[in-house]
file query.tsv (TSV, N, CA and C atoms)
chain	number	residue	atom	x	y	z
A	1	MET	N	0.86	-1.18	0.00
A	1	MET	CA	0.00	0.00	0.00
A	1	MET	C	0.90	1.24	0.00
A	2	ASN	N	0.58	2.22	-0.84
A	2	ASN	CA	1.38	3.44	-0.89
A	2	ASN	C	0.63	4.59	-0.22
A	3	ASP	N	1.29	5.75	-0.14
A	3	ASP	CA	0.68	6.90	0.53
A	3	ASP	C	-0.64	7.33	-0.11
A	4	ALA	N	-0.73	7.23	-1.43
A	4	ALA	CA	-1.98	7.60	-2.11
A	4	ALA	C	-3.11	6.64	-1.69
A	5	SER	N	-2.79	5.36	-1.55
A	5	SER	CA	-3.79	4.40	-1.11
A	5	SER	C	-4.25	4.70	0.32
A	6	VAL	N	-3.30	5.04	1.17
A	6	VAL	CA	-3.64	5.38	2.55
A	6	VAL	C	-4.56	6.60	2.57
A	7	GLN	N	-4.25	7.59	1.77
A	7	GLN	CA	-5.07	8.80	1.73
A	7	GLN	C	-6.46	8.50	1.14
A	8	ASN	N	-6.52	7.58	0.18
A	8	ASN	CA	-7.83	7.15	-0.35
A	8	ASN	C	-8.66	6.51	0.74
A	9	VAL	N	-8.06	5.59	1.50
A	9	VAL	CA	-8.77	4.93	2.60
A	9	VAL	C	-9.19	5.97	3.64
A	10	ALA	N	-8.28	6.87	3.99
A	10	ALA	CA	-8.59	7.92	4.97
A	10	ALA	C	-9.75	8.78	4.48
A	11	GLY	N	-9.77	9.09	3.19
A	11	GLY	CA	-10.86	9.89	2.63
A	11	GLY	C	-12.20	9.16	2.68
A	12	LEU	N	-12.18	7.89	2.41
A	12	LEU	CA	-13.42	7.10	2.47
A	12	LEU	C	-13.94	6.97	3.90
A	13	ILE	N	-13.03	6.81	4.85
A	13	ILE	CA	-13.44	6.74	6.26
A	13	ILE	C	-14.04	8.07	6.68
A	14	ARG	N	-13.37	9.17	6.33
A	14	ARG	CA	-13.88	10.50	6.67
A	14	ARG	C	-15.25	10.72	6.03
A	15	TRP	N	-15.40	10.35	4.76
A	15	TRP	CA	-16.68	10.51	4.07
A	15	TRP	C	-17.77	9.73	4.80
A	16	THR	N	-17.47	8.50	5.18
A	16	THR	CA	-18.45	7.67	5.89
A	16	THR	C	-18.85	8.31	7.21
A	17	HIS	N	-17.88	8.76	7.97
A	17	HIS	CA	-18.18	9.43	9.25
A	17	HIS	C	-19.03	10.67	9.02
A	18	ASP	N	-18.66	11.47	8.03
A	18	ASP	CA	-19.43	12.69	7.74
A	18	ASP	C	-20.87	12.36	7.35
A	19	ARG	N	-21.05	11.31	6.55
A	19	ARG	CA	-22.40	10.92	6.13
A	19	ARG	C	-23.24	10.45	7.32
A	20	ILE	N	-22.66	9.68	8.21
A	20	ILE	CA	-23.39	9.21	9.40
A	20	ILE	C	-23.88	10.41	10.20
A	21	LEU	N	-22.99	11.38	10.42
A	21	LEU	CA	-23.38	12.56	11.19
A	21	LEU	C	-24.43	13.39	10.45
A	22	ALA	N	-24.27	13.56	9.15
A	22	ALA	CA	-25.21	14.37	8.38
A	22	ALA	C	-26.60	13.73	8.34
A	23	ILE	N	-26.64	12.43	8.14
A	23	ILE	CA	-27.93	11.73	8.04
A	23	ILE	C	-28.66	11.74	9.37
A	24	THR	N	-27.94	11.52	10.44
A	24	THR	CA	-28.58	11.43	11.76
A	24	THR	C	-28.89	12.79	12.36
A	25	GLN	N	-28.23	13.83	11.90
A	25	GLN	CA	-28.45	15.18	12.44
A	25	GLN	C	-29.89	15.62	12.27
A	26	ASP	N	-30.50	15.26	11.16
A	26	ASP	CA	-31.86	15.70	10.87
A	26	ASP	C	-32.95	14.83	11.49
A	27	LEU	N	-32.57	13.74	12.14
A	27	LEU	CA	-33.56	12.88	12.78
A	27	LEU	C	-34.08	13.52	14.06
A	28	SER	N	-35.33	13.29	14.35
A	28	SER	CA	-35.87	13.73	15.64
A	28	SER	C	-35.31	12.80	16.72
A	29	ASP	N	-35.44	13.20	17.97
A	29	ASP	CA	-35.01	12.34	19.08
A	29	ASP	C	-35.75	11.02	19.02
A	30	GLY	N	-37.05	11.06	18.68
A	30	GLY	CA	-37.84	9.84	18.59
A	30	GLY	C	-37.35	8.91	17.50
A	31	GLN	N	-37.04	9.47	16.33
A	31	GLN	CA	-36.52	8.65	15.24
A	31	GLN	C	-35.17	8.04	15.60
A	32	PHE	N	-34.33	8.82	16.26
A	32	PHE	CA	-33.00	8.37	16.66
A	32	PHE	C	-33.09	7.17	17.60
A	33	ALA	N	-34.11	7.14	18.46
A	33	ALA	CA	-34.26	6.08	19.45
A	33	ALA	C	-35.25	4.99	19.04
A	34	GLN	N	-35.88	5.13	17.89
A	34	GLN	CA	-36.92	4.20	17.44
A	34	GLN	C	-36.32	2.89	16.93
A	35	GLN	N	-37.01	1.80	17.22
A	35	GLN	CA	-36.64	0.49	16.71
A	35	GLN	C	-37.50	0.18	15.49
A	36	ALA	N	-36.90	-0.38	14.45
A	36	ALA	CA	-37.66	-0.78	13.26
A	36	ALA	C	-38.49	-2.03	13.52
A	37	SER	N	-38.04	-2.84	14.46
A	37	SER	CA	-38.78	-4.04	14.88
A	37	SER	C	-38.35	-4.33	16.31
A	38	PRO	N	-39.06	-5.21	16.99
A	38	PRO	CA	-38.72	-5.50	18.39
A	38	PRO	C	-37.31	-6.07	18.60
A	39	THR	N	-36.73	-6.64	17.56
A	39	THR	CA	-35.39	-7.22	17.71
A	39	THR	C	-34.29	-6.38	17.06
A	40	ALA	N	-34.67	-5.22	16.50
A	40	ALA	CA	-33.69	-4.35	15.84
A	40	ALA	C	-33.23	-3.24	16.77
A	41	PRO	N	-31.92	-3.03	16.87
A	41	PRO	CA	-31.45	-1.92	17.70
A	41	PRO	C	-31.79	-0.58	17.03
A	42	PRO	N	-31.99	0.45	17.84
A	42	PRO	CA	-32.29	1.78	17.29
A	42	PRO	C	-31.09	2.39	16.54
A	43	ILE	N	-31.39	3.37	15.71
A	43	ILE	CA	-30.33	4.08	14.99
A	43	ILE	C	-29.31	4.65	15.98
A	44	GLY	N	-29.78	5.16	17.10
A	44	GLY	CA	-28.87	5.72	18.11
A	44	GLY	C	-27.86	4.71	18.59
A	45	TRP	N	-28.28	3.45	18.72
A	45	TRP	CA	-27.33	2.41	19.11
A	45	TRP	C	-26.28	2.23	18.02
A	46	HIS	N	-26.69	2.23	16.75
A	46	HIS	CA	-25.74	2.05	15.66
A	46	HIS	C	-24.71	3.18	15.65
A	47	VAL	N	-25.14	4.40	15.90
A	47	VAL	CA	-24.20	5.53	15.95
A	47	VAL	C	-23.23	5.34	17.11
A	48	PHE	N	-23.75	4.94	18.27
A	48	PHE	CA	-22.89	4.63	19.43
A	48	PHE	C	-21.87	3.56	19.05
A	49	HIS	N	-22.34	2.48	18.44
A	49	HIS	CA	-21.50	1.34	18.10
A	49	HIS	C	-20.39	1.74	17.11
A	50	ILE	N	-20.73	2.48	16.09
A	50	ILE	CA	-19.73	2.93	15.12
A	50	ILE	C	-18.76	3.90	15.79
A	51	GLY	N	-19.29	4.78	16.64
A	51	GLY	CA	-18.44	5.70	17.39
A	51	GLY	C	-17.47	4.98	18.30
A	52	ARG	N	-17.93	3.90	18.95
A	52	ARG	CA	-17.04	3.14	19.83
A	52	ARG	C	-15.89	2.53	19.05
A	53	TRP	N	-16.19	1.98	17.86
A	53	TRP	CA	-15.10	1.39	17.08
A	53	TRP	C	-14.16	2.46	16.54
A	54	ALA	N	-14.69	3.61	16.18
A	54	ALA	CA	-13.81	4.71	15.76
A	54	ALA	C	-12.94	5.14	16.93
A	55	ASP	N	-13.50	5.16	18.13
A	55	ASP	CA	-12.76	5.53	19.34
A	55	ASP	C	-11.64	4.52	19.60
A	56	ARG	N	-11.95	3.24	19.49
A	56	ARG	CA	-10.91	2.22	19.69
A	56	ARG	C	-9.83	2.34	18.62
A	57	LEU	N	-10.23	2.64	17.39
A	57	LEU	CA	-9.26	2.82	16.31
A	57	LEU	C	-8.34	3.99	16.62
A	58	GLN	N	-8.93	5.14	16.96
A	58	GLN	CA	-8.09	6.33	17.19
A	58	GLN	C	-7.13	6.11	18.35
A	59	ALA	N	-7.56	5.35	19.35
A	59	ALA	CA	-6.70	5.11	20.51
A	59	ALA	C	-5.54	4.18	20.17
A	60	SER	N	-5.64	3.47	19.05
A	60	SER	CA	-4.58	2.54	18.67
A	60	SER	C	-3.58	3.16	17.69
A	61	LEU	N	-3.86	4.38	17.24
A	61	LEU	CA	-3.00	5.03	16.24
A	61	LEU	C	-2.15	6.12	16.88
A	62	PRO	N	-0.95	6.31	16.37
A	62	PRO	CA	-0.09	7.38	16.89
A	62	PRO	C	-0.49	8.74	16.32
A	63	ILE	N	-1.52	9.32	16.91
A	63	ILE	CA	-2.03	10.60	16.42
A	63	ILE	C	-1.12	11.72	16.88
A	64	ASP	N	-0.72	12.55	15.94
A	64	ASP	CA	0.14	13.68	16.25
A	64	ASP	C	-0.72	14.92	16.45
A	65	PHE	N	-1.13	15.16	17.69
A	65	PHE	CA	-1.94	16.32	17.99
A	65	PHE	C	-1.62	16.78	19.40
A	66	GLU	N	-1.96	17.98	19.68
A	66	GLU	CA	-1.75	18.54	21.01
A	66	GLU	C	-3.04	18.35	21.79
A	67	PRO	N	-3.04	17.46	22.80
A	67	PRO	CA	-4.27	17.27	23.56
A	67	PRO	C	-4.67	18.54	24.30
A	68	PRO	N	-5.98	18.80	24.41
A	68	PRO	CA	-6.43	20.01	25.10
A	68	PRO	C	-6.03	20.02	26.57
A	69	ASP	N	-5.92	18.85	27.15
A	69	ASP	CA	-5.55	18.73	28.55
A	69	ASP	C	-4.18	18.06	28.61
A	70	PRO	N	-3.14	18.79	29.05
A	70	PRO	CA	-1.79	18.22	29.07
A	70	PRO	C	-1.70	16.94	29.93
A	71	ALA	N	-2.60	16.77	30.88
A	71	ALA	CA	-2.58	15.57	31.71
A	71	ALA	C	-3.22	14.38	31.00
A	72	SER	N	-3.83	14.62	29.83
A	72	SER	CA	-4.50	13.57	29.09
A	72	SER	C	-3.48	12.53	28.63
A	73	VAL	N	-3.84	11.27	28.77
A	73	VAL	CA	-2.97	10.18	28.35
A	73	VAL	C	-3.06	10.05	26.83
A	74	PRO	N	-1.91	10.05	26.14
A	74	PRO	CA	-1.98	9.88	24.68
A	74	PRO	C	-2.56	8.51	24.34
A	75	TYR	N	-3.26	8.44	23.24
A	75	TYR	CA	-3.82	7.21	22.72
A	75	TYR	C	-4.85	6.59	23.68
A	76	GLN	N	-5.53	7.42	24.40
A	76	GLN	CA	-6.57	6.97	25.31
A	76	GLN	C	-7.91	7.05	24.60
A	77	GLU	N	-8.76	6.06	24.84
A	77	GLU	CA	-10.10	6.13	24.30
A	77	GLU	C	-10.86	7.28	24.98
A	78	ILE	N	-11.62	8.01	24.20
A	78	ILE	CA	-12.49	9.05	24.75
A	78	ILE	C	-13.45	8.40	25.74
A	79	TRP	N	-13.96	7.24	25.38
A	79	TRP	CA	-14.89	6.49	26.22
A	79	TRP	C	-14.33	6.29	27.62
A	80	VAL	N	-13.06	5.89	27.69
A	80	VAL	CA	-12.41	5.62	28.97
A	80	VAL	C	-12.05	6.93	29.66
A	81	ASP	N	-11.43	7.83	28.90
A	81	ASP	CA	-10.96	9.10	29.46
A	81	ASP	C	-12.11	9.91	30.08
A	82	ALA	N	-13.26	9.92	29.42
A	82	ALA	CA	-14.42	10.69	29.92
A	82	ALA	C	-15.31	9.86	30.84
A	83	ASP	N	-14.93	8.59	31.07
A	83	ASP	CA	-15.69	7.71	31.97
A	83	ASP	C	-17.16	7.66	31.56
A	84	LEU	N	-17.38	7.47	30.25
A	84	LEU	CA	-18.74	7.56	29.72
A	84	LEU	C	-19.66	6.43	30.18
A	85	ALA	N	-19.13	5.23	30.38
A	85	ALA	CA	-20.00	4.15	30.86
A	85	ALA	C	-20.64	4.56	32.19
A	86	ARG	N	-19.85	5.12	33.08
A	86	ARG	CA	-20.39	5.56	34.37
A	86	ARG	C	-21.33	6.75	34.19
A	87	ARG	N	-20.91	7.73	33.40
A	87	ARG	CA	-21.73	8.93	33.20
A	87	ARG	C	-23.05	8.61	32.51
A	88	TRP	N	-23.05	7.61	31.63
A	88	TRP	CA	-24.27	7.22	30.93
A	88	TRP	C	-25.05	6.17	31.72
A	89	GLU	N	-24.54	5.84	32.90
A	89	GLU	CA	-25.17	4.84	33.77
A	89	GLU	C	-25.38	3.51	33.06
A	90	ALA	N	-24.36	3.10	32.33
A	90	ALA	CA	-24.40	1.83	31.60
A	90	ALA	C	-23.43	0.86	32.28
A	91	ALA	N	-23.93	-0.27	32.69
A	91	ALA	CA	-23.09	-1.29	33.30
A	91	ALA	C	-22.11	-1.81	32.25
A	92	PRO	N	-20.80	-1.73	32.51
A	92	PRO	CA	-19.83	-2.19	31.51
A	92	PRO	C	-20.09	-3.61	31.01
A	93	ASP	N	-20.57	-4.49	31.88
A	93	ASP	CA	-20.83	-5.87	31.44
A	93	ASP	C	-22.05	-5.98	30.53
A	94	SER	N	-22.83	-4.91	30.39
A	94	SER	CA	-23.99	-4.92	29.49
A	94	SER	C	-23.65	-4.34	28.12
A	95	LEU	N	-22.43	-3.83	27.98
A	95	LEU	CA	-22.06	-3.10	26.76
A	95	LEU	C	-21.43	-3.97	25.68
A	96	GLY	N	-21.40	-5.27	25.88
A	96	GLY	CA	-20.87	-6.16	24.87
A	96	GLY	C	-19.35	-6.20	24.87
A	97	TRP	N	-18.84	-6.83	23.83
A	97	TRP	CA	-17.40	-7.06	23.69
A	97	TRP	C	-16.64	-5.74	23.67
A	98	LEU	N	-15.67	-5.62	24.55
A	98	LEU	CA	-14.82	-4.42	24.67
A	98	LEU	C	-15.64	-3.13	24.88
A	99	GLU	N	-16.83	-3.29	25.42
A	99	GLU	CA	-17.74	-2.16	25.66
A	99	GLU	C	-18.05	-1.40	24.37
A	100	THR	N	-18.13	-2.13	23.24
A	100	THR	CA	-18.39	-1.52	21.94
A	100	THR	C	-19.82	-1.71	21.46
A	101	GLY	N	-20.59	-2.50	22.19
A	101	GLY	CA	-21.94	-2.80	21.75
A	101	GLY	C	-22.03	-4.11	20.98
A	102	ALA	N	-20.90	-4.66	20.56
A	102	ALA	CA	-20.91	-5.94	19.84
A	102	ALA	C	-21.41	-7.04	20.77
A	103	GLY	N	-22.47	-7.72	20.36
A	103	GLY	CA	-23.04	-8.78	21.17
A	103	GLY	C	-23.96	-8.29	22.28
A	104	MET	N	-24.26	-7.03	22.26
A	104	MET	CA	-25.12	-6.43	23.29
A	104	MET	C	-26.56	-6.90	23.11
A	105	ASP	N	-27.27	-7.16	24.21
A	105	ASP	CA	-28.67	-7.57	24.05
A	105	ASP	C	-29.54	-6.35	23.70
A	106	ILE	N	-30.70	-6.63	23.16
A	106	ILE	CA	-31.56	-5.57	22.60
A	106	ILE	C	-32.00	-4.58	23.67
A	107	GLU	N	-32.28	-5.05	24.88
A	107	GLU	CA	-32.71	-4.12	25.93
A	107	GLU	C	-31.60	-3.13	26.26
A	108	ALA	N	-30.37	-3.61	26.32
A	108	ALA	CA	-29.24	-2.72	26.60
A	108	ALA	C	-29.02	-1.75	25.44
A	109	ALA	N	-29.21	-2.22	24.20
A	109	ALA	CA	-29.06	-1.35	23.03
A	109	ALA	C	-30.09	-0.23	23.05
A	110	VAL	N	-31.33	-0.57	23.40
A	110	VAL	CA	-32.39	0.43	23.50
A	110	VAL	C	-32.04	1.43	24.61
A	111	SER	N	-31.51	0.93	25.69
A	111	SER	CA	-31.12	1.80	26.81
A	111	SER	C	-30.03	2.79	26.38
A	112	ILE	N	-29.05	2.31	25.63
A	112	ILE	CA	-27.97	3.20	25.15
A	112	ILE	C	-28.56	4.27	24.25
A	113	ALA	N	-29.44	3.90	23.33
A	113	ALA	CA	-30.05	4.88	22.43
A	113	ALA	C	-30.85	5.92	23.18
A	114	SER	N	-31.37	5.55	24.35
A	114	SER	CA	-32.17	6.49	25.13
A	114	SER	C	-31.32	7.52	25.87
A	115	ILE	N	-30.02	7.39	25.80
A	115	ILE	CA	-29.10	8.38	26.40
A	115	ILE	C	-29.39	9.74	25.78
A	116	GLY	N	-29.76	9.73	24.53
A	116	GLY	CA	-30.13	10.97	23.84
A	116	GLY	C	-29.28	11.26	22.63
A	117	LYS	N	-29.91	11.76	21.64
A	117	LYS	CA	-29.25	12.07	20.37
A	117	LYS	C	-28.08	13.03	20.53
A	118	PRO	N	-28.25	14.17	21.23
A	118	PRO	CA	-27.11	15.10	21.33
A	118	PRO	C	-25.88	14.48	22.00
A	119	THR	N	-26.10	13.69	23.02
A	119	THR	CA	-25.00	13.08	23.76
A	119	THR	C	-24.27	12.05	22.90
A	120	ILE	N	-25.03	11.20	22.24
A	120	ILE	CA	-24.42	10.16	21.41
A	120	ILE	C	-23.73	10.78	20.20
A	121	LEU	N	-24.37	11.77	19.57
A	121	LEU	CA	-23.73	12.41	18.41
A	121	LEU	C	-22.45	13.16	18.81
A	122	GLU	N	-22.44	13.77	19.97
A	122	GLU	CA	-21.23	14.46	20.43
A	122	GLU	C	-20.09	13.46	20.60
A	123	TYR	N	-20.38	12.33	21.23
A	123	TYR	CA	-19.35	11.29	21.41
A	123	TYR	C	-18.88	10.77	20.05
A	124	ALA	N	-19.81	10.46	19.15
A	124	ALA	CA	-19.45	9.93	17.84
A	124	ALA	C	-18.61	10.95	17.08
A	125	GLN	N	-19.00	12.21	17.12
A	125	GLN	CA	-18.25	13.24	16.39
A	125	GLN	C	-16.82	13.34	16.92
A	126	GLN	N	-16.66	13.33	18.22
A	126	GLN	CA	-15.31	13.39	18.79
A	126	GLN	C	-14.49	12.17	18.38
A	127	SER	N	-15.09	11.00	18.44
A	127	SER	CA	-14.39	9.77	18.05
A	127	SER	C	-14.03	9.79	16.58
A	128	PHE	N	-14.98	10.21	15.74
A	128	PHE	CA	-14.74	10.27	14.30
A	128	PHE	C	-13.61	11.24	13.99
A	129	GLU	N	-13.62	12.41	14.61
A	129	GLU	CA	-12.59	13.41	14.33
A	129	GLU	C	-11.20	12.87	14.65
A	130	LYS	N	-11.06	12.25	15.82
A	130	LYS	CA	-9.75	11.72	16.21
A	130	LYS	C	-9.35	10.54	15.33
A	131	ALA	N	-10.29	9.69	14.97
A	131	ALA	CA	-9.97	8.56	14.09
A	131	ALA	C	-9.57	9.07	12.70
A	132	ASN	N	-10.27	10.07	12.20
A	132	ASN	CA	-9.95	10.63	10.89
A	132	ASN	C	-8.53	11.21	10.88
A	133	VAL	N	-8.16	11.92	11.93
A	133	VAL	CA	-6.82	12.48	12.02
A	133	VAL	C	-5.78	11.35	12.06
A	134	GLY	N	-6.02	10.36	12.90
A	134	GLY	CA	-5.07	9.25	13.03
A	134	GLY	C	-4.88	8.50	11.74
A	135	VAL	N	-5.96	8.17	11.06
A	135	VAL	CA	-5.85	7.42	9.81
A	135	VAL	C	-5.16	8.26	8.75
A	136	SER	N	-5.47	9.55	8.68
A	136	SER	CA	-4.86	10.41	7.65
A	136	SER	C	-3.36	10.60	7.87
A	137	GLN	N	-2.89	10.37	9.08
A	137	GLN	CA	-1.46	10.55	9.38
A	137	GLN	C	-0.66	9.26	9.25
A	138	LEU	N	-1.31	8.17	8.89
A	138	LEU	CA	-0.58	6.91	8.73
A	138	LEU	C	0.43	7.04	7.59
A	139	LYS	N	1.57	6.47	7.78
A	139	LYS	CA	2.62	6.48	6.76
A	139	LYS	C	2.92	5.05	6.36
A	140	VAL	N	3.24	4.88	5.11
A	140	VAL	CA	3.54	3.55	4.60
A	140	VAL	C	5.01	3.29	4.75

call {"tool": "encode", "arguments": {"input": "query.tsv", "output": "structure tokens"}}
result
Amino acid sequence: MNDASVQNVAGLIRWTHDRILAITQDLSDGQFAQQASPTAPPIGWHVFHIGRWADRLQASLPIDFEPPDPASVPYQEIWVDADLARRWEAAPDSLGWLETGAGMDIEAAVSIASIGKPTILEYAQQSFEKANVGVSQLKV
């Protein structure tokens, strides 16, 4: 893979993140938390889930940025650093594999979506931004 390929991948990831935020921005709180069927997780859960994986990705990359808080640990997940499981009153053992939502039961997924659209979108946006920076700085 060459630098142009890396930048292509970085551009596609950024585009995907931007589309997720743009599409969900116009949803009402009810639409964001609505289930399409009794066994389907709400859109809000999907945004949380994608945000969690972006957060794990960004924490694994050597991002060259100046953290806003000098005491901040480099390569730390936003999820961990902001203690979001506790703040969102979500039991870590209910959050699935690596607290990403993978394998989460439907009741827990609905509960996460009920945290609220602004809160979940803020977390996803922060995770996406850091992941986008990290991926764009990868060198071959």

call {"tool": "closest_residue", "arguments": {"input": "query.tsv", "among": "A:Thr24, A:Thr16, A:Ser94, A:Asn132", "to": "Gly44 (chain A)", "atoms": "only C-alpha atoms"}}
result
A:Thr24

call {"tool": "residues_around", "arguments": {"input": "query.tsv", "residues": "Val47 (chain A)", "least_positions_apart": "2", "cutoff": "8 Å", "atoms": "all atoms listed in the file", "output": "PDB file with N, CA and C atoms, keeping the file's coordinate frame"}}
result
ATOM      1  N   ILE A  20     -22.660   9.680   8.210  1.00  0.00           N
ATOM      2  CA  ILE A  20     -23.390   9.210   9.400  1.00  0.00           C
ATOM      3  C   ILE A  20     -23.880  10.410  10.200  1.00  0.00           C
ATOM      4  N   PRO A  42     -31.990   0.450  17.840  1.00  0.00           N
ATOM      5  CA  PRO A  42     -32.290   1.780  17.290  1.00  0.00           C
ATOM      6  C   PRO A  42     -31.090   2.390  16.540  1.00  0.00           C
ATOM      7  N   ILE A  43     -31.390   3.370  15.710  1.00  0.00           N
ATOM      8  CA  ILE A  43     -30.330   4.080  14.990  1.00  0.00           C
ATOM      9  C   ILE A  43     -29.310   4.650  15.980  1.00  0.00           C
ATOM     10  N   GLY A  44     -29.780   5.160  17.100  1.00  0.00           N
ATOM     11  CA  GLY A  44     -28.870   5.720  18.110  1.00  0.00           C
ATOM     12  C   GLY A  44     -27.860   4.710  18.590  1.00  0.00           C
ATOM     13  N   TRP A  45     -28.280   3.450  18.720  1.00  0.00           N
ATOM     14  CA  TRP A  45     -27.330   2.410  19.110  1.00  0.00           C
ATOM     15  C   TRP A  45     -26.280   2.230  18.020  1.00  0.00           C
ATOM     16  N   HIS A  49     -22.340   2.480  18.440  1.00  0.00           N
ATOM     17  CA  HIS A  49     -21.500   1.340  18.100  1.00  0.00           C
ATOM     18  C   HIS A  49     -20.390   1.740  17.110  1.00  0.00           C
ATOM     19  N   ILE A  50     -20.730   2.480  16.090  1.00  0.00           N
ATOM     20  CA  ILE A  50     -19.730   2.930  15.120  1.00  0.00           C
ATOM     21  C   ILE A  50     -18.760   3.900  15.790  1.00  0.00           C
ATOM     22  N   GLY A  51     -19.290   4.780  16.640  1.00  0.00           N
ATOM     23  CA  GLY A  51     -18.440   5.700  17.390  1.00  0.00           C
ATOM     24  C   GLY A  51     -17.470   4.980  18.300  1.00  0.00           C
ATOM     25  N   ARG A  52     -17.930   3.900  18.950  1.00  0.00           N
ATOM     26  CA  ARG A  52     -17.040   3.140  19.830  1.00  0.00           C
ATOM     27  C   ARG A  52     -15.890   2.530  19.050  1.00  0.00           C
ATOM     28  N   TRP A  53     -16.190   1.980  17.860  1.00  0.00           N
ATOM     29  CA  TRP A  53     -15.100   1.390  17.080  1.00  0.00           C
ATOM     30  C   TRP A  53     -14.160   2.460  16.540  1.00  0.00           C
ATOM     31  N   ILE A 120     -25.030  11.200  22.240  1.00  0.00           N
ATOM     32  CA  ILE A 120     -24.420  10.160  21.410  1.00  0.00           C
ATOM     33  C   ILE A 120     -23.730  10.780  20.200  1.00  0.00           C
ATOM     34  N   LEU A 121     -24.370  11.770  19.570  1.00  0.00           N
ATOM     35  CA  LEU A 121     -23.730  12.410  18.410  1.00  0.00           C
ATOM     36  C   LEU A 121     -22.450  13.160  18.810  1.00  0.00           C
ATOM     37  N   TYR A 123     -20.380  12.330  21.230  1.00  0.00           N
ATOM     38  CA  TYR A 123     -19.350  11.290  21.410  1.00  0.00           C
ATOM     39  C   TYR A 123     -18.880  10.770  20.050  1.00  0.00           C
ATOM     40  N   ALA A 124     -19.810  10.460  19.150  1.00  0.00           N
ATOM     41  CA  ALA A 124     -19.450   9.930  17.840  1.00  0.00           C
ATOM     42  C   ALA A 124     -18.610  10.950  17.080  1.00  0.00           C
TER      43      ALA A 124
END

call {"tool": "atom_distance", "arguments": {"input": "query.tsv", "atom1": "atom N of Pro92 (chain A)", "atom2": "atom N of Gln34 (chain A)"}}
result
22.1 Å

call {"tool": "atom_distance", "arguments": {"input": "query.tsv", "atom1": "CA of Trp79 (chain A)", "atom2": "CA of Leu98 (chain A)"}}
result
11.0 Å

call {"tool": "atom_distance", "arguments": {"input": "query.tsv", "atom1": "CA of Asp18 (chain A)", "atom2": "atom C of Gln31 (chain A)"}}
result
18.2 Å

call {"tool": "residues_around", "arguments": {"input": "query.tsv", "residues": "Gln76 (chain A)", "least_positions_apart": "4", "cutoff": "6.5 Å", "atoms": "only N, CA and C atoms", "output": "VMD selection string"}}
result
chain A and resid 58 to 59 80 to 81

call {"tool": "build_atoms", "arguments": {"input": "query.tsv", "residues": "region 100-104 of chain A", "atoms": "all heavy atoms", "output": "mmCIF file, in the frame of the given file"}}
result
data_model
loop_
_atom_site.group_PDB
_atom_site.id
_atom_site.type_symbol
_atom_site.label_atom_id
_atom_site.label_comp_id
_atom_site.auth_asym_id
_atom_site.auth_seq_id
_atom_site.Cartn_x
_atom_site.Cartn_y
_atom_site.Cartn_z
ATOM 1 N N THR A 100 -18.130 -2.130 23.240
ATOM 2 C CA THR A 100 -18.390 -1.520 21.940
ATOM 3 C C THR A 100 -19.820 -1.710 21.460
ATOM 4 O O THR A 100 -20.198 -1.169 20.424
ATOM 5 C CB THR A 100 -17.477 -2.124 20.857
ATOM 6 O OG1 THR A 100 -17.778 -3.520 20.748
ATOM 7 C CG2 THR A 100 -16.008 -1.909 21.167
ATOM 8 N N GLY A 101 -20.590 -2.500 22.190
ATOM 9 C CA GLY A 101 -21.940 -2.800 21.750
ATOM 10 C C GLY A 101 -22.030 -4.110 20.980
ATOM 11 O O GLY A 101 -23.129 -4.613 20.763
ATOM 12 N N ALA A 102 -20.900 -4.660 20.560
ATOM 13 C CA ALA A 102 -20.910 -5.940 19.840
ATOM 14 C C ALA A 102 -21.410 -7.040 20.770
ATOM 15 O O ALA A 102 -20.873 -7.219 21.862
ATOM 16 C CB ALA A 102 -19.509 -6.276 19.334
ATOM 17 N N GLY A 103 -22.470 -7.720 20.360
ATOM 18 C CA GLY A 103 -23.040 -8.780 21.170
ATOM 19 C C GLY A 103 -23.960 -8.290 22.280
ATOM 20 O O GLY A 103 -24.407 -9.075 23.114
ATOM 21 N N MET A 104 -24.260 -7.030 22.260
ATOM 22 C CA MET A 104 -25.120 -6.430 23.290
ATOM 23 C C MET A 104 -26.560 -6.900 23.110
ATOM 24 O O MET A 104 -27.033 -7.029 21.983
ATOM 25 C CB MET A 104 -25.041 -4.912 23.095
ATOM 26 C CG MET A 104 -25.446 -4.071 24.210
ATOM 27 S SD MET A 104 -25.034 -2.338 23.717
ATOM 28 C CE MET A 104 -25.409 -1.543 25.231
#
